[in-house]
Amino acid sequence: MLKRIITGLCFIGFIVGFFFLRKIDRAFFELFAFIFLILGCLEMLNALKDKISLPQKIAVLVFALALVPLYHYFKTQGVMYLFIGAALVLLLLMVVFNDSLEGLSYAALTMFYPCLLLLSFLYLNDLPQNSTLALVMVFTISPCADT
């Protein structure tokens, strides 16, 4: 129980710190989302380590590393092309390396699950009005619902 409390307090401190940095420049919040996106993908890859082949793992990591920079420079259009390209790469890897459909589905889940959720943070961060309120609501409603 103590470990959960300490982890929760560290998480709250991390989020509050990035909200303060966001007041200086919104790009700091993109960095926050990028860090969590990479951590989320690594955690999923670790949980599914035997079910995803090495080429699929590399594709997932390249996808995760490219998502935030593409969003920063090209917004929705860049993200859309990245998702289409990632789906095609996973299909190509399945054909070339004779990977199973199960491995493909786990790799796709790893790409889309943490990335789509964290991509919403970037969209909320770029709202012209009430972006701070929207982000605060995301970070307060979710833990309250879990509690």
# chains A, B, ... in the order shown; residues from 1 in each chain; ligands from 1

$ residues_around --residues "segment 82-88 of chain A" --least-positions-apart "4" --cutoff "8 Å" --atoms "only C-alpha atoms" --output "list in words"
Ala59, Phe63, Leu67, Gly78, Leu92 and Ala108 of chain A

$ closest_residue --among "A:Leu2, A:Glu43, A:Cys10, A:Lys57" --to "Pro114 of chain A" --atoms "only C-alpha atoms"
A:Glu43

$ closest_residue --among "A:Gly17, A:Gln56, A:Val136, A:Cys144" --to "Ser100 of chain A" --atoms "only C-alpha atoms"
A:Gln56

$ closest_residue --among "A:Thr110, A:Ser120, A:Thr76, A:Ser53" --to "Ala134 of chain A" --atoms "only C-alpha atoms"
A:Ser120

$ atom_distance --atom1 "atom CA of Pro69 of chain A" --atom2 "atom CA of Leu109 of chain A"
20.9 Å

$ select_by_dssp --residues "segment 7-54 of chain A" --states "helix (DSSP H, G or I)" --output "VMD selection string"
chain A and resid 7 to 24 27 to 47 54

$ atom_distance --atom1 "atom CA of Lys75 of chain A" --atom2 "atom CA of Ile52 of chain A"
29.4 Å

$ residues_around --residues "Val96 of chain A" --least-positions-apart "5" --cutoff "12 Å" --atoms "only C-alpha atoms" --output "MDAnalysis selection string"
chainID A and resid 55:56 89:91

$ write_last_selection --atoms "N, CA, C and O atoms" --output "mmCIF file, in the first residue's frame"
data_model
loop_
_atom_site.group_PDB
_atom_site.id
_atom_site.type_symbol
_atom_site.label_atom_id
_atom_site.label_comp_id
_atom_site.auth_asym_id
_atom_site.auth_seq_id
_atom_site.Cartn_x
_atom_site.Cartn_y
_atom_site.Cartn_z
ATOM 1 N N PRO A 55 11.353 -8.048 -35.416
ATOM 2 C CA PRO A 55 11.045 -7.002 -36.400
ATOM 3 C C PRO A 55 9.783 -6.208 -36.054
ATOM 4 O O PRO A 55 9.730 -4.995 -36.275
ATOM 5 N N GLN A 56 8.794 -6.887 -35.498
ATOM 6 C CA GLN A 56 7.574 -6.184 -35.090
ATOM 7 C C GLN A 56 7.853 -5.243 -33.916
ATOM 8 O O GLN A 56 7.316 -4.141 -33.864
ATOM 9 N N VAL A 89 3.432 -1.567 -42.848
ATOM 10 C CA VAL A 89 4.695 -2.187 -42.427
ATOM 11 C C VAL A 89 4.432 -3.470 -41.644
ATOM 12 O O VAL A 89 5.107 -4.482 -41.855
ATOM 13 N N LEU A 90 3.444 -3.453 -40.762
ATOM 14 C CA LEU A 90 3.129 -4.674 -40.006
ATOM 15 C C LEU A 90 2.664 -5.797 -40.927
ATOM 16 O O LEU A 90 3.049 -6.959 -40.745
ATOM 17 N N LEU A 91 1.862 -5.457 -41.923
ATOM 18 C CA LEU A 91 1.429 -6.484 -42.884
ATOM 19 C C LEU A 91 2.607 -7.011 -43.698
ATOM 20 O O LEU A 91 2.719 -8.211 -43.940
#

$ closest_residue --among "A:Met137, A:Leu45, A:Leu65, A:Leu70" --to "Tyr113 of chain A" --atoms "only C-alpha atoms"
A:Leu45

$ closest_residue --among "A:Leu93, A:Met80, A:Met1, A:Leu119" --to "Ile58 of chain A" --atoms "only C-alpha atoms"
A:Leu93

$ residues_around --residues "Leu31 of chain A" --least-positions-apart "6" --cutoff "12 Å" --atoms "only C-alpha atoms" --output "list in words"
Ile15, Phe18, Phe19, Leu21, Arg22, Asp25, Leu37, Ile38, Leu65, Leu67, Val68, Pro69, Tyr71, His72, Leu118, Leu119, Phe121, Leu122 and Asn125 of chain A

$ closest_residue --among "A:Phe36, A:Phe20, A:Tyr106, A:Tyr123" --to "Lys51 of chain A" --atoms "only C-alpha atoms"
A:Tyr106
